[in-house]
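Peer 1: Just dropping this structure here.
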Amino acid sequence: MPAVAAPPSPPAPHPLRTRSFRLLFTGRTLSLLGDAAIPAALALAVLEATGSTAALALVLGCAMVPKLLLLPLGGVVGDRFDARTVALTTDLVRCVTQLIVGIQLLGGTPSLAVLAVAEALGGAAGAFAMPTDAPLVKGVVAAESLHRANAAMSVARSAGRLGGPALAGTLVLTVGPGWAFVLDAATFAVSALLLTAVRVKRIPIPRRSLRADLAEGWQEVRSRDWYWTSLIGHSAWNGAAAVLMTLGPAVAVQQLGGGTTWVLLLQVGAVGYLLGALLADRVSPRRPVLMANLGLATYALPLILLAVAAPAPVTIAAYGLAQAGLGFLSPVWETAVQRSVPAHALARVTSYDWLLSLAAMPLGYTLAPIAASAWGPEVPLLAAGVVVGGCCAATALVPGVRRLT
């Protein structure tokens with residue numbers, strides 16, 4: 001009797017149909033929207049209160065430096081303890097710090113010291129929160145649904161990029177920047193409340209010294225050539241993005257038609273990111289890391305076009321394409337990492353990812369204006385384009401990148 005082929009298994013339901021991921025997604029979407037409104041509101045509030053760009057740099061630095069210093073420790077805590085509890089605690093801390101800033105701004109005479117301390121505490125909490133994202137997603141959805149879950153989270157991030165600045169502008173112009181921080185505090189409170197109902201699978205790790213935990217996490221990074229070489233490309237991308245954000249507005253205003261061009265470029269970029277995330281939800285490339293890194297290499301295009309003052313429509317379209325590459329990379333990369341890295345080391349491995357990526361941004365912010373004042377903006381823009389395009393495309397030469405399927 002001939003063998004009868006087994007019927008194909010039904011497709012896995014979308015992760016949003018599962019309660020725990022739906023709660024996690026809702027909380028993260030709200031907090032991302034609130035967070036996206038903060039940069040513009042913070043800049044306007046500090047400049048209005050002090051009239052000093054140095055004061056703004058101080059506040060921004062107070063938020064960034066603790067985050068960079070504590071990220072590896074945040075990865076250890078995310079692996080050693082329950083990721084849900086860590087995320088819930090950091091949400092509550094950030095709720096309090098943003099509420100303090102909001103109250104200060106609503107009072108009319110904010111203290112620069114209080115703002116700096118609150119942002120430093122919020123940045124420190126972020127260092128512990130960021131490494132928990134990957135373990136949370138992996139802990140609430142089935143393995144076959146990881147890709148779609150990460151794509152959904154990427155769509156949420158793109159929605160924040162689109163809606164956050166508009167929300168900030170509305171609040172600043174109508175009721176004042178302080179309410180943007182009150183709103184952000186409320187989103188963190190709701191996120192923490194929703195996390196109390198999320199059930200996350202957890203794989204405990206043996207208690208060892210902090211140094212041993214950090215070393216094991218770094219060994220997990222070093223043992224995967226596709227991972228650490230890709231991190232070089234991702235770090236180059238963040239440094240190049242800082243160069244573009246520093247010099248791009250002046251080029252747009254002086255050579256491409258004014259501030260409207262820059263605003264349009266950013267909005268097209270936000271739409272491109274959303275389209276890239278939606279594309280990632282629909283396709284599963286055979287070589288995910290290779291395709292994602294090649295997509296990230298397209299960020300060289302807007303940098304080079306800005307350097308040569310290409311026509312505004314061409315530059316805007318190139319930036320939209322580059323941001324689509326970023327939107328595509330995010331869920332594809334996260335899924336590859338979650339499937340390849342042992343669950344007990346996932347937070348530590350992702351903390352090194354965040355550390356190397358974020359550390360390149362202050363370097364770009366610092367070097368771009370120095371190089372522009374010495375040689376003009378064309379030189380640092382071209383250099384950044386060559387570096388990011390070369391580093392991301394060169395990962396195609398790495399055997400592990402090509403073999404990871």
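Order determines the names: the first chain of the structure tokens is A, the second B, and so forth; residues in each chain are numbered 1 upward, and ligands are numbered 1 upward as they are shown.
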I'd like the neighbourhood of Ile370 of chain A as a ChimeraX atom specification, where a residue qualifies if any of its atoms comes within 12 Å (using only C-alpha atoms), though same-chain residues fewer than 5 positions away should be ignored.
Peer 2: /A:243,246-247,363-365,375-377,379-380
Peer 1: Those same residues - N, CA and C atoms - I'd like them written as a compact mmCIF listing (two decimals), in the first residue's frame.
Peer 2:
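The result, written out as selection_10.txt:
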# COMPACT_ATOMS: atom_id res chain seq x y z
N VAL A 243 26.38 61.52 12.06
CA VAL A 243 26.95 62.50 11.13
C VAL A 243 25.84 63.14 10.29
N THR A 246 23.69 65.49 12.28
CA THR A 246 24.40 66.71 12.68
C THR A 246 24.56 67.67 11.52
N LEU A 247 24.94 67.18 10.36
CA LEU A 247 25.26 68.04 9.22
C LEU A 247 24.13 68.13 8.20
N LEU A 363 30.48 59.58 19.10
CA LEU A 363 31.66 59.80 18.27
C LEU A 363 31.30 60.55 17.00
N GLY A 364 30.18 60.14 16.37
CA GLY A 364 29.73 60.84 15.17
C GLY A 364 29.32 62.27 15.45
N TYR A 365 28.59 62.47 16.56
CA TYR A 365 28.17 63.82 16.93
C TYR A 365 29.37 64.73 17.19
N TRP A 375 37.12 71.05 6.81
CA TRP A 375 37.11 70.72 5.38
C TRP A 375 35.77 70.93 4.69
N GLY A 376 34.76 71.38 5.43
CA GLY A 376 33.43 71.50 4.85
C GLY A 376 32.63 70.24 5.11
N PRO A 377 31.29 70.34 5.05
CA PRO A 377 30.45 69.17 5.36
C PRO A 377 30.58 68.03 4.36
N VAL A 379 33.18 66.48 3.18
CA VAL A 379 34.17 65.46 3.53
C VAL A 379 33.64 64.48 4.58
N PRO A 380 33.12 64.93 5.74
CA PRO A 380 32.61 63.95 6.71
C PRO A 380 31.39 63.19 6.20
Peer 1: I'd like a table as CSV: residues in segment 318-354 of chain A with an atom no more than 8 Å from segment 207-221 of chain A, each row giving the shortest atom pair and its distance in Å to one decimal, only C-alpha atoms counted, sorted by chain and rising residue number.
Peer 2:
residue,atom,partner,partner_atom,distance
A:Val341,CA,A:Glu220,CA,7.6
A:Ala345,CA,A:Gly217,CA,6.1
A:Arg348,CA,A:Gly217,CA,5.3
A:Val349,CA,A:Gly217,CA,5.6
A:Tyr352,CA,A:Trp218,CA,7.7
Peer 1: As number ranges by chain, list the residues of segment 168-355 of chain A assigned to alpha helix (DSSP H) by DSSP on the backbone atoms of this structure.
Peer 2: A: 168-174, 178-195, 210-222, 225-255, 259-282, 288-296, 300-307, 312-340, 346-355
Peer 1: Give me the residues near Pro399 of chain A as a PyMOL selection string, where near means some atom within 9 Å (using only C-alpha atoms) and where sequence neighbours in that chain fewer than 4 positions away do not count.
Peer 2: chain A and resi 225-226+395+403-404
Peer 1: Which residues are near segment 68-71 of chain A? Cut-off 12 Å, only C-alpha atoms, ignore same chain within fewer than 4 positions. Put them as a compact mmCIF listing (two decimals) with N, CA and C atoms, in the first residue's frame.
Peer 2:
# COMPACT_ATOMS: atom_id res chain seq x y z
N GLY A 61 23.70 64.42 27.75
CA GLY A 61 24.83 63.59 28.17
C GLY A 61 24.53 62.82 29.43
N CYS A 62 23.80 63.45 30.36
CA CYS A 62 23.44 62.76 31.61
C CYS A 62 22.54 61.56 31.34
N ALA A 63 21.75 61.62 30.27
CA ALA A 63 20.91 60.48 29.92
C ALA A 63 21.68 59.39 29.20
N MET A 64 22.68 59.78 28.39
CA MET A 64 23.39 58.81 27.56
C MET A 64 24.52 58.10 28.30
N GLY A 75 22.69 43.63 30.88
CA GLY A 75 22.57 42.33 30.24
C GLY A 75 22.69 41.19 31.23
N VAL A 76 23.62 41.31 32.19
CA VAL A 76 23.77 40.27 33.21
C VAL A 76 22.50 40.16 34.05
N VAL A 77 21.96 41.30 34.46
CA VAL A 77 20.74 41.28 35.28
C VAL A 77 19.57 40.69 34.50
N GLY A 78 19.47 41.03 33.20
CA GLY A 78 18.39 40.50 32.38
C GLY A 78 18.44 38.99 32.25
N ALA A 120 19.53 61.27 34.13
CA ALA A 120 20.58 60.28 34.41
C ALA A 120 19.97 59.00 34.98
N LEU A 121 19.03 59.13 35.90
CA LEU A 121 18.37 57.96 36.47
C LEU A 121 17.55 57.23 35.40
N GLY A 122 16.89 58.00 34.55
CA GLY A 122 16.14 57.38 33.46
C GLY A 122 17.04 56.65 32.49
N GLY A 123 18.21 57.25 32.18
CA GLY A 123 19.17 56.58 31.30
C GLY A 123 19.71 55.31 31.92
N ALA A 124 19.97 55.34 33.23
CA ALA A 124 20.44 54.13 33.91
C ALA A 124 19.39 53.03 33.86
N ALA A 125 18.11 53.42 34.08
CA ALA A 125 17.04 52.42 33.99
C ALA A 125 16.94 51.85 32.59
N GLY A 126 17.17 52.70 31.57
CA GLY A 126 17.14 52.22 30.20
C GLY A 126 18.20 51.18 29.92
N ALA A 127 19.35 51.31 30.59
CA ALA A 127 20.43 50.32 30.40
C ALA A 127 20.01 48.94 30.86
N PHE A 128 19.14 48.86 31.84
CA PHE A 128 18.65 47.57 32.32
C PHE A 128 17.42 47.11 31.53
N ALA A 129 16.68 48.08 30.96
CA ALA A 129 15.46 47.73 30.23
C ALA A 129 15.75 47.20 28.84
N MET A 130 16.68 47.81 28.13
CA MET A 130 16.90 47.48 26.73
C MET A 130 17.29 46.02 26.51
N PRO A 131 18.18 45.42 27.31
CA PRO A 131 18.52 44.01 27.08
C PRO A 131 17.37 43.04 27.35
N THR A 132 16.28 43.49 27.98
CA THR A 132 15.17 42.57 28.27
C THR A 132 14.24 42.39 27.09
N LEU A 214 29.85 38.34 32.62
CA LEU A 214 30.23 39.23 31.52
C LEU A 214 31.13 38.50 30.52
N ALA A 347 20.12 38.16 26.93
CA ALA A 347 20.17 39.56 27.37
C ALA A 347 21.59 40.10 27.34
N ARG A 348 22.57 39.28 27.75
CA ARG A 348 23.96 39.75 27.73
C ARG A 348 24.44 39.99 26.31
N VAL A 349 24.11 39.09 25.40
CA VAL A 349 24.54 39.25 24.02
C VAL A 349 23.93 40.50 23.40
N THR A 350 22.65 40.73 23.62
CA THR A 350 22.01 41.92 23.06
C THR A 350 22.51 43.19 23.73
N SER A 351 22.94 43.10 24.98
CA SER A 351 23.48 44.30 25.64
C SER A 351 24.77 44.76 24.96
N TYR A 352 25.60 43.81 24.52
CA TYR A 352 26.80 44.19 23.78
C TYR A 352 26.44 44.80 22.44
N ASP A 353 25.39 44.30 21.81
CA ASP A 353 24.89 44.88 20.57
C ASP A 353 24.53 46.35 20.79
N TRP A 354 23.72 46.61 21.81
CA TRP A 354 23.32 47.98 22.11
C TRP A 354 24.53 48.85 22.46
N LEU A 355 25.45 48.30 23.23
CA LEU A 355 26.60 49.08 23.68
C LEU A 355 27.44 49.55 22.49
N LEU A 356 27.78 48.64 21.59
CA LEU A 356 28.61 49.01 20.45
C LEU A 356 27.87 49.95 19.51
N SER A 357 26.56 49.77 19.38
CA SER A 357 25.78 50.62 18.49
C SER A 357 25.67 52.04 19.05
N LEU A 358 25.31 52.15 20.33
CA LEU A 358 25.10 53.47 20.92
C LEU A 358 26.41 54.22 21.12
N ALA A 359 27.49 53.50 21.39
CA ALA A 359 28.77 54.17 21.64
C ALA A 359 29.26 54.91 20.41
N ALA A 360 28.88 54.46 19.21
CA ALA A 360 29.36 55.11 17.99
C ALA A 360 28.66 56.45 17.76
N MET A 361 27.50 56.66 18.33
CA MET A 361 26.75 57.88 18.05
C MET A 361 27.42 59.13 18.63
N PRO A 362 27.86 59.13 19.91
CA PRO A 362 28.57 60.31 20.41
C PRO A 362 29.82 60.62 19.60
Peer 1: Could you give me, as a PyMOL selection string, the residues within 6 Å of Gly178 of chain A, counting only C-alpha atoms and dropping anything in the same chain fewer than 5 positions from it?
Peer 2: chain A and resi 102+105-106
Peer 1: Would you list the contacts of Arg199 of chain A as a list of chain:residue names, taking every protein, DNA or RNA residue within 9 Å and counting only C-alpha atoms, but skipping same-chain residues closer than 3 positions in sequence?
Peer 2: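 Answer for this query is A:Ser20, A:Phe21, A:Arg84, A:Gly139, A:Val140, A:Leu195, A:Thr196.
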Peer 1: Between atom CA of Ala317 of chain A and atom CA of Ala151 of chain A, what is the distance in Å, rounded to a tenth?
Peer 2: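 Atom-to-atom, atom CA of Ala317 of chain A to atom CA of Ala151 of chain A, that is 23.0 Å.
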Peer 1: Neighbours of Ala250 of chain A within 12 Å (only C-alpha atoms; same-chain residues fewer than 6 positions away dropped), as a PyMOL selection string?
Peer 2: chain A and resi 243-244+256-262+306-307+309+369+372+376-378
Peer 1: I need the residues from that last selection saved to file as a compact mmCIF listing (two decimals), in the first residue's frame (with N, CA and C atoms), if you can.
Peer 2:
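Heads up, here's the output in result-v7.txt:
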# COMPACT_ATOMS: atom_id res chain seq x y z
N VAL A 243 26.38 61.52 12.06
CA VAL A 243 26.95 62.50 11.13
C VAL A 243 25.84 63.14 10.29
N LEU A 244 24.94 62.30 9.77
CA LEU A 244 23.85 62.82 8.94
C LEU A 244 22.93 63.74 9.74
N LEU A 256 19.40 72.79 -0.36
CA LEU A 256 18.33 71.94 -0.92
C LEU A 256 16.94 72.53 -0.78
N GLY A 257 16.84 73.80 -0.46
CA GLY A 257 15.52 74.42 -0.48
C GLY A 257 14.96 74.84 0.85
N GLY A 258 15.69 74.62 1.96
CA GLY A 258 15.20 75.12 3.23
C GLY A 258 14.80 74.03 4.20
N GLY A 259 14.28 74.47 5.35
CA GLY A 259 13.92 73.55 6.42
C GLY A 259 12.83 72.57 6.04
N THR A 260 11.94 72.97 5.13
CA THR A 260 10.86 72.07 4.71
C THR A 260 11.43 70.80 4.10
N THR A 261 12.53 70.93 3.36
CA THR A 261 13.17 69.75 2.76
C THR A 261 13.62 68.77 3.83
N TRP A 262 14.19 69.30 4.90
CA TRP A 262 14.68 68.42 5.97
C TRP A 262 13.53 67.72 6.67
N LEU A 306 23.80 63.90 -0.08
CA LEU A 306 23.88 65.15 0.66
C LEU A 306 25.24 65.81 0.46
N ALA A 307 26.29 64.99 0.40
CA ALA A 307 27.64 65.55 0.23
C ALA A 307 27.79 66.28 -1.09
N ALA A 309 25.25 67.56 -2.75
CA ALA A 309 24.09 68.45 -2.92
C ALA A 309 23.24 68.04 -4.11
N PRO A 369 31.02 67.89 13.35
CA PRO A 369 31.21 69.34 13.25
C PRO A 369 32.67 69.76 13.18
N ALA A 372 33.69 69.13 9.62
CA ALA A 372 33.00 70.07 8.74
C ALA A 372 33.63 71.46 8.82
N GLY A 376 34.76 71.38 5.43
CA GLY A 376 33.43 71.50 4.85
C GLY A 376 32.63 70.24 5.11
N PRO A 377 31.29 70.34 5.05
CA PRO A 377 30.45 69.17 5.36
C PRO A 377 30.58 68.03 4.36
N GLU A 378 31.06 68.32 3.15
CA GLU A 378 31.14 67.27 2.14
C GLU A 378 32.07 66.14 2.56
Peer 1: Write out as a Markdown table a residue-level contact list of segment 57-152 of chain A versus segment 323-337 of chain A with cut-off 9 Å: for each qualifying residue the closest pair of atoms and the distance in Å to one decimal, counting only C-alpha atoms, rows sorted by chain and residue number upward.
Peer 2:
| residue | atom | partner | partner_atom | distance |
| --- | --- | --- | --- | --- |
| A:Ala134 | CA | A:Glu334 | CA | 7.3 |
| A:Lys138 | CA | A:Thr335 | CA | 8.9 |
| A:Leu146 | CA | A:Thr335 | CA | 6.0 |
| A:His147 | CA | A:Thr335 | CA | 5.4 |
| A:Arg148 | CA | A:Pro331 | CA | 8.0 |
| A:Ala149 | CA | A:Pro331 | CA | 8.2 |
| A:Asn150 | CA | A:Pro331 | CA | 4.7 |
| A:Ala151 | CA | A:Pro331 | CA | 4.9 |
| A:Ala152 | CA | A:Pro331 | CA | 8.2 |
Peer 1: Return the single residue from A:Arg222, A:Ala240, A:Pro313, A:Tyr227 that is closest to Leu264 of chain A, with distances computed using only C-alpha atoms.
Peer 2: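 Ranking A:Arg222, A:Ala240, A:Pro313, A:Tyr227 by distance to Leu264 of chain A, first place goes to A:Pro313.
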Peer 1: Between A:His14, A:Arg161, A:Arg94, A:Arg80, which has the minimum distance to Gln267 of chain A (counting only C-alpha atoms)?
Peer 2: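 Selected residue with least distance to Gln267 of chain A: A:Arg161.
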Peer 1: Quick one: of A:Leu24, A:Ala41, A:Ala192, A:Val175, who's nearest to Val86 of chain A, counting only C-alpha atoms?
Peer 2: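 Using only C-alpha atoms, the shortest distance to Val86 of chain A belongs to A:Ala192.
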Peer 1: Ranking A:Val387, A:Val96, A:Leu321, A:Leu73 by minimum distance to Gly276 of chain A and counting only C-alpha atoms, which one comes first?
Peer 2: A:Leu321
